[in-house]
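S.K.: Structure file upload_20.txt, compact mmCIF, C-alpha atoms, is pasted below:
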```txt
# COMPACT_ATOMS: atom_id res chain seq x y z
CA MET A 1 -0.36 19.08 1.83
CA LYS A 2 1.89 18.13 -1.04
CA THR A 3 1.84 14.39 -1.61
CA LEU A 4 4.09 12.13 -3.64
CA ASN A 5 2.35 9.04 -4.94
CA ILE A 6 4.80 6.23 -5.67
CA ILE A 7 3.58 3.74 -8.26
CA ALA A 8 5.49 0.47 -8.46
CA SER A 9 2.96 -2.11 -9.62
CA ALA A 10 2.37 -2.08 -13.36
CA TYR A 11 -0.23 -3.53 -15.73
CA ARG A 12 -1.86 -5.30 -12.80
CA ALA A 13 -5.53 -4.85 -13.74
CA THR A 14 -5.24 -2.24 -16.44
CA VAL A 15 -7.21 -4.08 -19.13
CA GLU A 16 -10.15 -4.77 -16.81
CA GLU A 17 -10.10 -1.31 -15.30
CA GLN A 18 -9.31 0.37 -18.61
CA ASP A 19 -6.93 2.52 -16.59
CA ASP A 20 -4.14 2.11 -14.11
CA PRO A 21 -6.02 2.54 -10.83
CA ILE A 22 -3.36 4.68 -9.22
CA VAL A 23 -2.72 6.90 -12.23
CA TRP A 24 -6.49 7.28 -12.36
CA ILE A 25 -6.89 8.18 -8.69
CA CYS A 26 -4.13 10.76 -9.02
CA HIS A 27 -6.07 12.36 -11.88
CA ALA A 28 -9.21 12.30 -9.71
CA MET A 29 -7.50 13.80 -6.69
CA LYS A 30 -5.85 16.49 -8.83
CA GLY A 31 -9.26 17.31 -10.23
CA ALA A 32 -10.54 17.69 -6.67
CA GLY A 33 -7.82 20.24 -5.95
CA ALA A 34 -5.20 18.02 -4.39
CA GLN A 35 -1.49 18.77 -4.60
CA VAL A 36 -0.21 15.50 -5.94
CA ASP A 37 2.86 14.36 -7.83
CA VAL A 38 3.88 10.91 -9.00
CA LEU A 39 7.00 8.77 -8.87
CA LEU A 40 7.15 5.78 -11.20
CA ARG A 41 9.46 3.05 -9.98
CA GLY A 42 9.97 -0.65 -10.54
CA ASN A 43 7.99 -1.98 -13.47
CA ALA A 44 5.83 1.14 -13.46
CA VAL A 45 8.64 3.09 -15.17
CA ASN A 46 7.35 1.38 -18.28
CA TYR A 47 4.26 3.57 -18.07
CA ALA A 48 6.36 6.43 -19.38
CA VAL A 49 7.38 4.55 -22.51
CA ARG A 50 6.03 5.86 -25.81
CA GLY A 51 4.31 3.49 -28.19
CA GLN A 52 2.25 1.39 -25.77
CA SER A 53 -0.97 -0.05 -27.16
CA ALA A 54 -3.56 -2.32 -25.57
CA LYS A 55 -6.00 -2.05 -28.47
CA GLY A 56 -7.82 -4.90 -30.13
CA LEU A 57 -8.85 -7.25 -27.35
CA ALA A 58 -12.01 -9.21 -28.01
CA PHE A 59 -13.67 -12.07 -26.14
CA GLY A 60 -16.14 -13.88 -28.34
CA GLY A 61 -18.40 -11.17 -29.70
CA TRP A 62 -17.39 -8.63 -27.10
CA THR A 63 -14.76 -6.12 -28.17
CA GLN A 64 -13.04 -3.71 -25.85
CA THR A 65 -13.67 -0.25 -27.25
CA GLN A 66 -11.87 1.74 -24.55
CA PRO A 67 -8.57 0.04 -23.79
CA PRO A 68 -6.22 1.64 -21.30
CA HIS A 69 -4.00 4.30 -22.78
CA LEU A 70 -1.35 4.71 -20.14
CA GLU A 71 1.07 6.76 -22.18
CA HIS A 72 -1.67 9.29 -22.74
CA ASP A 73 -2.67 9.24 -19.07
CA ILE A 74 0.88 9.93 -17.94
CA ALA A 75 1.21 12.76 -20.46
CA SER A 76 -2.11 14.12 -19.29
CA LEU A 77 -0.89 14.21 -15.69
CA CYS A 78 2.14 16.19 -16.82
CA ASN A 79 -0.12 18.58 -18.73
CA LYS A 80 -2.19 19.15 -15.60
CA GLY A 81 0.89 20.26 -13.73
CA VAL A 82 1.52 17.00 -11.90
CA ALA A 83 5.22 16.27 -11.69
CA VAL A 84 5.81 12.73 -12.92
CA HIS A 85 9.19 11.46 -11.80
CA VAL A 86 10.76 8.28 -13.15
CA MET A 87 13.51 6.31 -11.40
CA VAL A 88 16.51 6.22 -13.70
CA ASP A 89 17.97 3.10 -12.08
CA ASP A 90 14.79 1.14 -12.78
CA VAL A 91 14.76 2.44 -16.37
CA ALA A 92 18.30 1.16 -16.85
CA ARG A 93 17.56 -2.25 -15.27
CA ARG A 94 14.79 -2.76 -17.79
CA GLY A 95 16.86 -1.82 -20.83
CA LEU A 96 14.88 1.36 -21.33
CA THR A 97 17.79 3.79 -21.43
CA GLY A 98 17.46 5.78 -24.62
CA VAL A 99 13.93 4.52 -25.33
CA PRO A 100 11.57 7.42 -26.14
CA MET A 101 9.60 8.46 -23.11
CA VAL A 102 6.53 10.62 -22.63
CA ASP A 103 7.35 14.32 -22.85
CA GLY A 104 7.53 16.03 -19.52
CA VAL A 105 8.52 13.15 -17.24
CA ARG A 106 11.45 13.90 -14.98
CA MET A 107 14.24 11.35 -14.55
CA VAL A 108 15.43 10.83 -10.99
CA PRO A 109 18.62 8.97 -10.15
CA GLY A 110 18.47 6.66 -7.15
CA ASP A 111 20.73 8.78 -5.00
CA ALA A 112 18.39 11.71 -5.44
CA LEU A 113 15.43 9.81 -3.99
CA PRO A 114 15.82 10.89 -0.36
CA ALA A 115 15.94 14.54 -1.34
CA LEU A 116 12.92 14.06 -3.56
CA LEU A 117 10.95 12.49 -0.71
CA ALA A 118 12.01 15.27 1.63
CA GLY A 119 10.32 17.78 -0.65
CA TYR A 120 6.88 16.39 0.12
CA ASP A 121 4.63 16.59 3.16
CA ARG A 122 3.44 13.03 2.55
CA VAL A 123 4.65 10.01 0.66
CA TRP A 124 2.16 7.31 -0.35
CA HIS A 125 3.50 4.09 -1.84
CA TRP A 126 0.76 2.38 -3.89
CA MET B 1 -3.03 19.18 14.37
CA THR B 2 -4.30 18.86 17.94
CA GLY B 3 -7.00 16.77 19.56
CA LYS B 4 -7.77 13.09 19.31
CA THR B 5 -5.53 11.08 17.04
CA THR B 6 -7.09 10.54 13.63
CA LEU B 7 -5.60 8.08 11.20
CA THR B 8 -6.58 7.33 7.61
CA PHE B 9 -5.94 4.06 5.81
CA ALA B 10 -6.30 3.30 2.12
CA LEU B 11 -6.87 -0.37 1.32
CA MET B 12 -6.90 -2.06 -2.07
CA ASP B 13 -7.05 -5.81 -1.62
CA ALA B 14 -10.14 -7.91 -2.04
CA PRO B 15 -10.78 -10.35 0.80
CA PHE B 16 -9.31 -13.85 0.77
CA GLU B 17 -6.53 -12.91 -1.66
CA SER B 18 -3.69 -11.49 0.41
CA ALA B 19 -2.21 -11.43 3.89
CA ARG B 20 -2.31 -7.65 3.60
CA SER B 21 -6.02 -7.72 4.32
CA THR B 22 -5.44 -9.48 7.63
CA THR B 23 -2.66 -7.11 8.63
CA ALA B 24 -4.86 -4.15 7.73
CA LEU B 25 -7.61 -5.42 10.02
CA ARG B 26 -5.07 -5.98 12.79
CA LEU B 27 -3.90 -2.38 12.45
CA LEU B 28 -7.46 -1.08 12.52
CA ASP B 29 -8.16 -3.17 15.59
CA ILE B 30 -5.18 -1.70 17.42
CA ALA B 31 -6.17 1.84 16.45
CA ALA B 32 -9.77 1.19 17.51
CA ALA B 33 -8.66 -0.16 20.88
CA ARG B 34 -6.72 3.05 21.43
CA GLY B 35 -9.82 5.14 20.89
CA PHE B 36 -8.57 6.78 17.74
CA ASP B 37 -10.81 8.23 15.07
CA ILE B 38 -10.17 6.04 12.04
CA SER B 39 -11.00 6.65 8.41
CA VAL B 40 -10.76 3.92 5.81
CA PHE B 41 -10.95 4.45 2.07
CA ALA B 42 -11.54 1.11 0.40
CA TYR B 43 -10.41 1.24 -3.17
CA GLU B 44 -10.62 -1.35 -5.94
CA GLY B 45 -11.04 -4.89 -4.61
CA ALA B 46 -11.13 -3.72 -1.01
CA VAL B 47 -14.74 -2.62 -1.47
CA MET B 48 -15.57 -6.32 -1.23
CA GLN B 49 -14.28 -6.43 2.36
CA THR B 50 -17.62 -5.06 3.60
CA PHE B 51 -19.85 -6.95 1.15
CA ALA B 52 -22.92 -7.95 3.12
CA LEU B 53 -23.57 -11.18 1.25
CA GLN B 54 -20.45 -13.00 2.38
CA ARG B 55 -21.50 -16.39 3.75
CA PRO B 56 -19.70 -19.02 5.81
CA HIS B 57 -19.40 -22.59 4.63
CA ALA B 58 -18.57 -26.03 5.93
CA ASN B 59 -15.16 -27.61 5.57
CA THR B 60 -15.55 -31.19 4.42
CA VAL B 61 -11.80 -31.72 4.16
CA HIS B 62 -11.60 -31.27 7.91
CA GLY B 63 -15.00 -32.74 8.60
CA ARG B 64 -16.40 -29.53 10.03
CA SER B 65 -19.91 -28.19 9.61
CA ALA B 66 -20.41 -24.55 8.73
CA GLU B 67 -21.09 -23.86 12.36
CA GLU B 68 -18.01 -25.70 13.52
CA GLU B 69 -15.85 -24.12 10.88
CA ASN B 70 -17.00 -20.67 11.93
CA HIS B 71 -15.36 -19.28 8.83
CA PHE B 72 -13.68 -15.90 9.10
CA LEU B 73 -15.68 -13.33 7.19
CA PRO B 74 -14.15 -9.86 6.87
CA LYS B 75 -17.56 -8.24 6.98
CA ASP B 76 -18.00 -9.56 10.52
CA ALA B 77 -14.55 -8.44 11.59
CA ILE B 78 -15.24 -4.96 10.23
CA ALA B 79 -18.66 -4.80 11.91
CA ALA B 80 -16.88 -5.66 15.15
CA LEU B 81 -14.35 -2.91 14.50
CA PHE B 82 -17.15 -0.35 14.19
CA ASP B 83 -18.33 -1.43 17.64
CA ALA B 84 -14.84 -1.52 19.10
CA ALA B 85 -14.00 1.96 17.89
CA LYS B 86 -17.18 3.34 19.45
CA ARG B 87 -16.71 1.42 22.67
CA HIS B 88 -13.27 2.88 23.16
CA GLY B 89 -14.39 6.43 22.53
CA GLY B 90 -13.28 6.68 18.94
CA SER B 91 -14.90 6.17 15.58
CA LEU B 92 -14.57 4.31 12.31
CA ASP B 93 -15.58 5.94 9.05
CA TRP B 94 -15.45 3.36 6.23
CA VAL B 95 -15.85 4.68 2.70
CA ASN B 96 -16.04 2.41 -0.34
CA CYS B 97 -15.00 3.94 -3.65
CA GLY B 98 -18.32 4.18 -5.46
CA LEU B 99 -17.11 3.39 -8.95
CA CYS B 100 -15.22 0.38 -7.63
CA VAL B 101 -18.45 -0.75 -5.95
CA ASP B 102 -20.40 -0.38 -9.18
CA GLU B 103 -18.03 -2.33 -11.39
CA ARG B 104 -17.87 -5.17 -8.86
CA GLY B 105 -21.57 -5.26 -8.10
CA ALA B 106 -20.71 -4.79 -4.45
CA GLY B 107 -23.55 -2.45 -3.65
CA GLU B 108 -24.75 -4.35 -0.60
CA ALA B 109 -22.43 -3.42 2.21
CA ILE B 110 -22.80 -3.87 5.95
CA ALA B 111 -24.32 -1.12 8.06
CA GLY B 112 -22.13 1.89 8.71
CA VAL B 113 -20.31 1.84 5.38
CA ARG B 114 -20.76 4.73 3.01
CA ARG B 115 -20.01 5.30 -0.63
CA GLY B 116 -17.50 7.91 -1.71
CA THR B 117 -14.92 9.12 -4.19
CA PRO B 118 -11.20 9.84 -4.32
CA ALA B 119 -12.03 13.37 -3.20
CA ASP B 120 -13.29 11.85 0.05
CA PHE B 121 -10.01 10.03 0.48
CA TRP B 122 -8.12 13.27 0.00
CA LYS B 123 -10.35 15.05 2.53
CA MET B 124 -9.88 12.22 5.04
CA ALA B 125 -6.12 12.39 4.63
CA GLU B 126 -6.09 16.17 5.00
CA ALA B 127 -8.09 15.90 8.21
CA SER B 128 -5.92 13.16 9.72
CA HIS B 129 -2.74 13.15 11.72
CA ASN B 130 -1.35 10.55 9.35
CA THR B 131 -2.27 8.26 6.49
CA LEU B 132 -1.11 4.78 5.57
CA VAL B 133 -1.64 3.41 2.08
CA ILE B 134 -1.57 -0.38 1.94
CA PRO B 135 -1.05 -1.15 -1.72
CA THR B 136 -1.99 -4.26 -3.62
CA ARG B 137 0.48 -6.15 -5.74
CA ASP B 138 0.72 -8.04 -9.02
CA MET C 1 15.71 14.87 10.23
CA THR C 2 12.63 12.92 9.27
CA ASN C 3 11.44 9.69 10.85
CA TYR C 4 10.64 6.90 8.41
CA LEU C 5 9.08 3.52 9.11
CA LEU C 6 9.30 1.25 6.12
CA ILE C 7 7.01 -1.76 6.30
CA GLU C 8 8.43 -4.72 4.42
CA SER C 9 5.71 -7.24 3.75
CA ARG C 10 7.54 -9.27 1.12
CA ASP C 11 10.49 -11.59 1.54
CA GLY C 12 13.82 -10.40 0.17
CA ILE C 13 15.23 -13.87 -0.27
CA ASP C 14 15.18 -13.77 -4.05
CA ALA C 15 16.00 -10.10 -4.27
CA ARG C 16 19.17 -8.88 -5.90
CA ASP C 17 22.21 -8.41 -3.74
CA SER C 18 20.89 -4.99 -2.84
CA GLY C 19 18.12 -6.51 -0.75
CA GLY C 20 15.33 -4.86 -2.68
CA PHE C 21 13.64 -1.47 -2.74
CA CYS C 22 12.82 -1.27 0.93
CA CYS C 23 16.37 -2.05 1.93
CA GLU C 24 17.85 0.33 -0.64
CA LEU C 25 15.57 3.17 0.42
CA ALA C 26 16.20 2.60 4.11
CA THR C 27 19.93 2.68 3.55
CA VAL C 28 20.02 5.87 1.54
CA LEU C 29 17.63 7.65 3.90
CA SER C 30 19.73 6.68 6.88
CA ARG C 31 22.90 7.85 5.17
CA ARG C 32 21.18 11.16 4.58
CA GLY C 33 20.63 11.54 8.30
CA ASP C 34 17.02 10.49 8.59
CA ARG C 35 15.91 8.13 11.35
CA VAL C 36 14.80 4.92 9.72
CA ALA C 37 13.27 1.73 10.97
CA VAL C 38 12.15 -1.28 8.96
CA PHE C 39 9.19 -3.26 10.24
CA ALA C 40 8.89 -6.69 8.68
CA VAL C 41 5.46 -8.23 8.54
CA GLN C 42 3.90 -11.22 6.75
CA ASN C 43 6.44 -12.95 4.48
CA GLY C 44 8.81 -10.06 5.10
CA VAL C 45 9.92 -11.88 8.26
CA LEU C 46 11.06 -14.98 6.35
CA SER C 47 14.42 -13.49 5.42
CA LEU C 48 15.03 -12.49 9.04
CA ARG C 49 15.42 -16.05 10.27
CA ALA C 50 19.01 -16.71 11.27
CA GLY C 51 20.76 -18.37 8.35
CA ALA C 52 18.36 -17.11 5.68
CA HIS C 53 19.76 -15.42 2.58
CA ALA C 54 19.28 -11.78 3.45
CA PRO C 55 21.68 -9.64 1.47
CA GLY C 56 20.10 -6.43 2.57
CA LEU C 57 19.98 -7.10 6.28
CA THR C 58 23.68 -6.57 6.87
CA LYS C 59 23.54 -3.35 4.88
CA LEU C 60 20.68 -2.14 7.02
CA MET C 61 22.50 -2.91 10.23
CA PHE C 62 25.64 -1.13 9.06
CA ALA C 63 23.52 1.86 8.04
CA GLY C 64 22.10 2.11 11.54
CA VAL C 65 18.59 1.11 10.53
CA SER C 66 16.62 -0.70 13.19
CA VAL C 67 14.94 -3.86 11.94
CA GLN C 68 11.86 -5.13 13.69
CA ALA C 69 9.75 -8.20 13.03
CA ASP C 70 6.05 -8.62 13.73
CA LEU C 71 5.61 -11.17 16.51
CA PHE C 72 2.45 -12.64 15.05
CA SER C 73 4.07 -13.08 11.61
CA LEU C 74 7.02 -14.81 13.25
CA ARG C 75 4.80 -17.15 15.22
CA GLU C 76 2.66 -17.85 12.17
CA ARG C 77 5.78 -18.99 10.33
CA GLY C 78 7.32 -20.93 13.18
CA ILE C 79 10.26 -18.56 13.62
CA PRO C 80 11.20 -18.48 17.28
CA VAL C 81 12.28 -15.19 18.75
CA ASP C 82 15.68 -16.65 19.52
CA GLY C 83 15.95 -17.91 15.95
CA LEU C 84 16.12 -14.46 14.41
CA ALA C 85 19.16 -13.02 12.72
CA HIS C 86 21.32 -11.02 15.10
CA GLY C 87 20.04 -7.53 15.68
CA VAL C 88 16.45 -8.10 14.58
CA VAL C 89 13.97 -7.02 17.25
CA PRO C 90 10.69 -8.89 17.61
CA SER C 91 7.91 -6.33 18.02
CA GLU C 92 4.18 -5.89 18.31
CA LEU C 93 2.26 -4.56 15.32
CA GLY C 94 1.20 -1.68 17.53
CA THR C 95 4.59 -0.19 16.73
CA VAL C 96 3.19 0.78 13.33
CA ILE C 97 0.27 2.58 14.95
CA ASP C 98 2.66 4.28 17.39
CA CYS C 99 4.72 5.58 14.48
CA LEU C 100 1.66 6.76 12.57
CA ALA C 101 0.34 8.54 15.66
CA ASP C 102 3.74 10.14 16.23
CA GLY C 103 3.86 11.53 12.71
CA TRP C 104 6.45 9.21 11.21
CA ARG C 105 6.36 8.75 7.46
CA VAL C 106 5.13 5.18 7.17
CA ILE C 107 5.61 3.55 3.80
CA TRP C 108 4.30 0.09 3.02
CA HIS C 109 6.25 -2.07 0.60
```
Since I need it in another form, could you write the structure as structure tokens?
M.R.:
Amino acid sequence: MKTLNIIASAYRATVEEQDDPIVWICHAMKGAGAQVDVLLRGNAVNYAVRGQSAKGLAFGGWTQTQPPHLEHDIASLCNKGVAVHVMVDDVARRGLTGVPMVDGVRMVPGDALPALLAGYDRVWHW
Amino acid sequence: MTGKTTLTFALMDAPFESARSTTALRLLDIAAARGFDISVFAYEGAVMQTFALQRPHANTVHGRSAEEENHFLPKDAIAALFDAAKRHGGSLDWVNCGLCVDERGAGEAIAGVRRGTPADFWKMAEASHNTLVIPTRD
Amino acid sequence: MTNYLLIESRDGIDARDSGGFCCELATVLSRRGDRVAVFAVQNGVLSLRAGAHAPGLTKLMFAGVSVQADLFSLRERGIPVDGLAHGVVPSELGTVIDCLADGWRVIWH
């Protein structure tokens, strides 16, 4: 069953997890053969922005060697055939119109949302 | 899909951090009382919901001993849900995401809980009449 | 036509005039011809008290979306059933399980 995974929460635990947990689970489910696509909304539209970097964190003598690389993870989903949709209205609200985004993401205007949802067997809002 | 109603839930919140955890348990309780077959995939902090080493404590602010306080512990509520599901002719299958368990050191879970992966969640969802994801928040 | 139950667990009091994502989605789905209900739980019931700032509630009502409020959440917050905004229906949480069992798309916000 084709499932749309809506991601709204952004940067919640990404340093600790070294991933976004929902982007990660979508990768894992895709790898297990699932038919999954993604919709980024709210603050999560920022995940599609190019130029993100979480490198360089250190706590005392401990240095993080594998920071999250969300831009890469979103691009990787696209490369695996996962449709990654991004809500245009949320992009605009955050001043991101015209900002370079990851190749392959698909912009969705708000009034197209119902039709988008209708194209899936299931909708999971994370 | 025919037969007994099967529902899957995905949970993300650690205990004692959000009202969502309480609402999730209420939903599971209702489903258990109806004799449904229930699957739960506990992801991220939610793997701590079944942590066996949760302990009650006294409440000196209110002058209550540990016994009097009878502190709510999610592990006890979930153990009761296993029983309730069975008693009403249904079942509860609780799967903790294994990697989430490892990173949190939450390996000791109550009886009946098993370890799994996102593939298990997908299989549960495919085998269910419906699935509800209860997300966590910033 | 698809049946949608949107669970609103957060208060919309500080939301923009639109009422927030849940309200916006419910409205557009209803306009599209889908059957939509909003079930408020936890702090989501706070904006359903009569007199509360709830910009989205009127929109929902006009869009034909039924708005329900979890009885336990209401009681927990001292909101009497007769103190709800007009049109809000106090309901048992079992409604969510009913919808799931009946194959509604249930989305938690």
S.K.: Can you build me a table of chain B residues sitting at most 10 Å from chain A, with the closest atom pair per residue and its distance in Å to one decimal, using only C-alpha atoms, sorted by chain and residue number, as a tab-separated table?
M.R.:
```
residue	atom	partner	partner_atom	distance
B:Ala10	CA	A:Trp126	CA	9.3
B:Leu11	CA	A:Trp126	CA	9.6
B:Met12	CA	A:Trp126	CA	9.0
B:Tyr43	CA	A:Pro21	CA	8.9
B:Glu44	CA	A:Pro21	CA	7.8
B:Cys100	CA	A:Glu17	CA	9.4
B:Glu103	CA	A:Glu17	CA	8.9
B:Thr117	CA	A:Ala28	CA	8.6
B:Pro118	CA	A:Met29	CA	5.9
B:Ala119	CA	A:Met29	CA	5.7
B:Asp120	CA	A:Met29	CA	9.1
B:Phe121	CA	A:Met29	CA	8.5
B:Trp122	CA	A:Met29	CA	6.7
B:Lys123	CA	A:Ala34	CA	9.1
B:Ala125	CA	A:Met1	CA	9.3
B:Glu126	CA	A:Met1	CA	7.2
B:Asn130	CA	A:Arg122	CA	8.7
B:Thr131	CA	A:Trp124	CA	8.2
B:Leu132	CA	A:Trp124	CA	7.2
B:Val133	CA	A:Trp124	CA	6.0
B:Ile134	CA	A:Trp126	CA	6.9
B:Pro135	CA	A:Trp126	CA	4.5
B:Thr136	CA	A:Trp126	CA	7.2
B:Arg137	CA	A:Ser9	CA	6.1
B:Asp138	CA	A:Arg12	CA	5.3
```
S.K.: Taking all atoms listed in the file into account and nothing else, which residues of chain A lie no more than 12 Å away from chain C? Please answer as a PyMOL selection string.
M.R.: chain A and resi 3-9+41-42+87+89-90+93+110-126
S.K.: Give me, as a tab-separated table, each residue of chain B that comes within 12 Å of chain C, together with its shortest interatomic pair and the distance in Å at one decimal, counting all atoms listed in the file, with rows ordered by chain and rising residue number.
M.R.:
```
residue	atom	partner	partner_atom	distance
B:Met1	CA	C:Gly103	CA	10.4
B:Thr2	CA	C:Ala101	CA	11.5
B:Gly3	CA	C:Ala101	CA	11.7
B:Lys4	CA	C:Ala101	CA	10.0
B:Thr5	CA	C:Ala101	CA	6.5
B:Thr6	CA	C:Ala101	CA	8.0
B:Leu7	CA	C:Ala101	CA	7.4
B:Thr8	CA	C:Leu100	CA	9.6
B:Phe9	CA	C:Leu100	CA	10.5
B:Ala10	CA	C:Trp108	CA	11.1
B:Leu11	CA	C:Trp108	CA	11.3
B:Ser18	CA	C:Gln42	CA	9.9
B:Ala19	CA	C:Gln42	CA	6.7
B:Arg20	CA	C:Gln42	CA	7.8
B:Ser21	CA	C:Gln42	CA	10.8
B:Thr22	CA	C:Gln42	CA	9.5
B:Thr23	CA	C:Gln42	CA	8.0
B:Ala24	CA	C:Leu93	CA	10.4
B:Leu25	CA	C:Leu93	CA	11.2
B:Arg26	CA	C:Leu93	CA	7.9
B:Leu27	CA	C:Ile97	CA	6.9
B:Leu28	CA	C:Ile97	CA	8.9
B:Asp29	CA	C:Gly94	CA	9.7
B:Ile30	CA	C:Gly94	CA	6.4
B:Ala31	CA	C:Ile97	CA	6.7
B:Ala32	CA	C:Ile97	CA	10.5
B:Ala33	CA	C:Gly94	CA	10.5
B:Arg34	CA	C:Ile97	CA	9.5
B:Gly35	CA	C:Ala101	CA	11.9
B:Phe36	CA	C:Ala101	CA	9.3
B:Asp37	CA	C:Ala101	CA	11.2
B:Ile38	CA	C:Ile97	CA	11.4
B:Ser128	CA	C:Ala101	CA	9.8
B:His129	CA	C:Ala101	CA	6.8
B:Asn130	CA	C:Leu100	CA	5.8
B:Thr131	CA	C:Leu100	CA	7.4
B:Leu132	CA	C:Val106	CA	6.5
B:Val133	CA	C:Trp108	CA	6.9
B:Ile134	CA	C:Trp108	CA	6.0
B:Pro135	CA	C:Trp108	CA	7.3
B:Thr136	CA	C:His109	CA	9.5
B:Arg137	CA	C:His109	CA	9.5
```
S.K.: Dig up all the protein and nucleic acid residues within 6 Å of (-15.4, 4.6, -1.6) in the file frame, using only C-alpha atoms, and format them as a PyMOL selection string.
M.R.: chain B and resi 41-42+95-98+115-117
S.K.: Under the rule that all atoms listed in the file are counted, which of C:Cys23, C:Leu6, C:Val38, C:Leu74 is the nearest residue to Ala54 of chain C?
M.R.: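 Among the listed residues, C:Cys23 lies closest to Ala54 of chain C.
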S.K.: Could you check how far atom CA of Asp70 of chain C sits from atom CA of Asn43 of chain A, in Å to one decimal?
M.R.: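 For atom CA of Asp70 of chain C relative to atom CA of Asn43 of chain A, the distance reads 28.1 Å.
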S.K.: Residues near Ala79 of chain B, anyone? I mean within 9 Å using only C-alpha atoms, not counting same-chain ones fewer than 3 positions away, as a list of chain:residue names.
M.R.: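 Neighbouring residues, sequence-local ones excluded: B:Thr50, B:Pro74, B:Lys75, B:Asp76, B:Phe82, B:Asp83, B:Ala84, B:Ile110, B:Ala111, B:Gly112.
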S.K.: Write out, as a compact mmCIF listing (two decimals), in the coordinates of the input, the residues just selected, with C-alpha atoms.
M.R.:
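Output saved as part.txt:
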```txt
# COMPACT_ATOMS: atom_id res chain seq x y z
CA THR B 50 -17.62 -5.06 3.60
CA PRO B 74 -14.15 -9.86 6.87
CA LYS B 75 -17.56 -8.24 6.98
CA ASP B 76 -18.00 -9.56 10.52
CA PHE B 82 -17.15 -0.35 14.19
CA ASP B 83 -18.33 -1.43 17.64
CA ALA B 84 -14.84 -1.52 19.10
CA ILE B 110 -22.80 -3.87 5.95
CA ALA B 111 -24.32 -1.12 8.06
CA GLY B 112 -22.13 1.89 8.71
```
S.K.: Atom CA of Met48 of chain B and atom CA of Val113 of chain B are how many Å apart?
M.R.: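 Taking atom CA of Met48 of chain B as the start and atom CA of Val113 of chain B as the end point, the length is 11.5 Å.
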S.K.: Atom CA of Leu71 of chain C to atom CA of Thr58 of chain C: how many Å, to one decimal?
M.R.: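 Between atom CA of Leu71 of chain C and atom CA of Thr58 of chain C the gap works out to 21.0 Å.
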S.K.: From (6.4, 9.4, -10.4), in the file's coordinates, out to 10 Å: which residues are reached, counting all atoms listed in the file? Answer as a PDB file with C-alpha atoms, keeping the file's coordinate frame.
M.R.:
```
ATOM      1  CA  LEU A   4       4.090  12.130  -3.640  1.00  0.00           C
ATOM      2  CA  ASN A   5       2.350   9.040  -4.940  1.00  0.00           C
ATOM      3  CA  ILE A   6       4.800   6.230  -5.670  1.00  0.00           C
ATOM      4  CA  ILE A   7       3.580   3.740  -8.260  1.00  0.00           C
ATOM      5  CA  ALA A   8       5.490   0.470  -8.460  1.00  0.00           C
ATOM      6  CA  VAL A  23      -2.720   6.900 -12.230  1.00  0.00           C
ATOM      7  CA  ASP A  37       2.860  14.360  -7.830  1.00  0.00           C
ATOM      8  CA  VAL A  38       3.880  10.910  -9.000  1.00  0.00           C
ATOM      9  CA  LEU A  39       7.000   8.770  -8.870  1.00  0.00           C
ATOM     10  CA  LEU A  40       7.150   5.780 -11.200  1.00  0.00           C
ATOM     11  CA  ARG A  41       9.460   3.050  -9.980  1.00  0.00           C
ATOM     12  CA  ALA A  44       5.830   1.140 -13.460  1.00  0.00           C
ATOM     13  CA  VAL A  45       8.640   3.090 -15.170  1.00  0.00           C
ATOM     14  CA  TYR A  47       4.260   3.570 -18.070  1.00  0.00           C
ATOM     15  CA  ALA A  48       6.360   6.430 -19.380  1.00  0.00           C
ATOM     16  CA  ILE A  74       0.880   9.930 -17.940  1.00  0.00           C
ATOM     17  CA  VAL A  82       1.520  17.000 -11.900  1.00  0.00           C
ATOM     18  CA  ALA A  83       5.220  16.270 -11.690  1.00  0.00           C
ATOM     19  CA  VAL A  84       5.810  12.730 -12.920  1.00  0.00           C
ATOM     20  CA  HIS A  85       9.190  11.460 -11.800  1.00  0.00           C
ATOM     21  CA  VAL A  86      10.760   8.280 -13.150  1.00  0.00           C
ATOM     22  CA  MET A  87      13.510   6.310 -11.400  1.00  0.00           C
ATOM     23  CA  VAL A 105       8.520  13.150 -17.240  1.00  0.00           C
ATOM     24  CA  ARG A 106      11.450  13.900 -14.980  1.00  0.00           C
ATOM     25  CA  MET A 107      14.240  11.350 -14.550  1.00  0.00           C
ATOM     26  CA  VAL A 108      15.430  10.830 -10.990  1.00  0.00           C
TER      27      VAL A 108
END
```
S.K.: Near Ser47 of chain C, counting all atoms listed in the file, which residues have an atom at most 9 Å away, once you skip same-chain residues fewer than 4 positions from it, shown as a list in words?
M.R.: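 The residues satisfying every condition are Asp11, Gly12, Ile13, Asn43, Gly51, Ala52, His53, Ala54, Leu57 and Ala85 of chain C.
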S.K.: Using all atoms listed in the file, pick whichever of C:Pro90, C:Ala69, C:Asn3, C:Gly78 has the shortest atom-to-atom distance to Val45 of chain C.
M.R.: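 Selected residue with least distance to Val45 of chain C: C:Ala69.
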S.K.: List the spatial neighbours of segment 53-60 of chain A as a list in words - criterion: any atom at most 12 Å away, all atoms listed in the file, same-chain residues fewer than 4 positions off excluded.
M.R.: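 Counting all atoms listed in the file, the residues come to Tyr11, Thr14, Val15, Glu16, Gln18, Asp19, Tyr47, Val49, Gln64, Thr65, Gln66, Pro67, Pro68, His69, Leu70, Glu71 and His72 of chain A.
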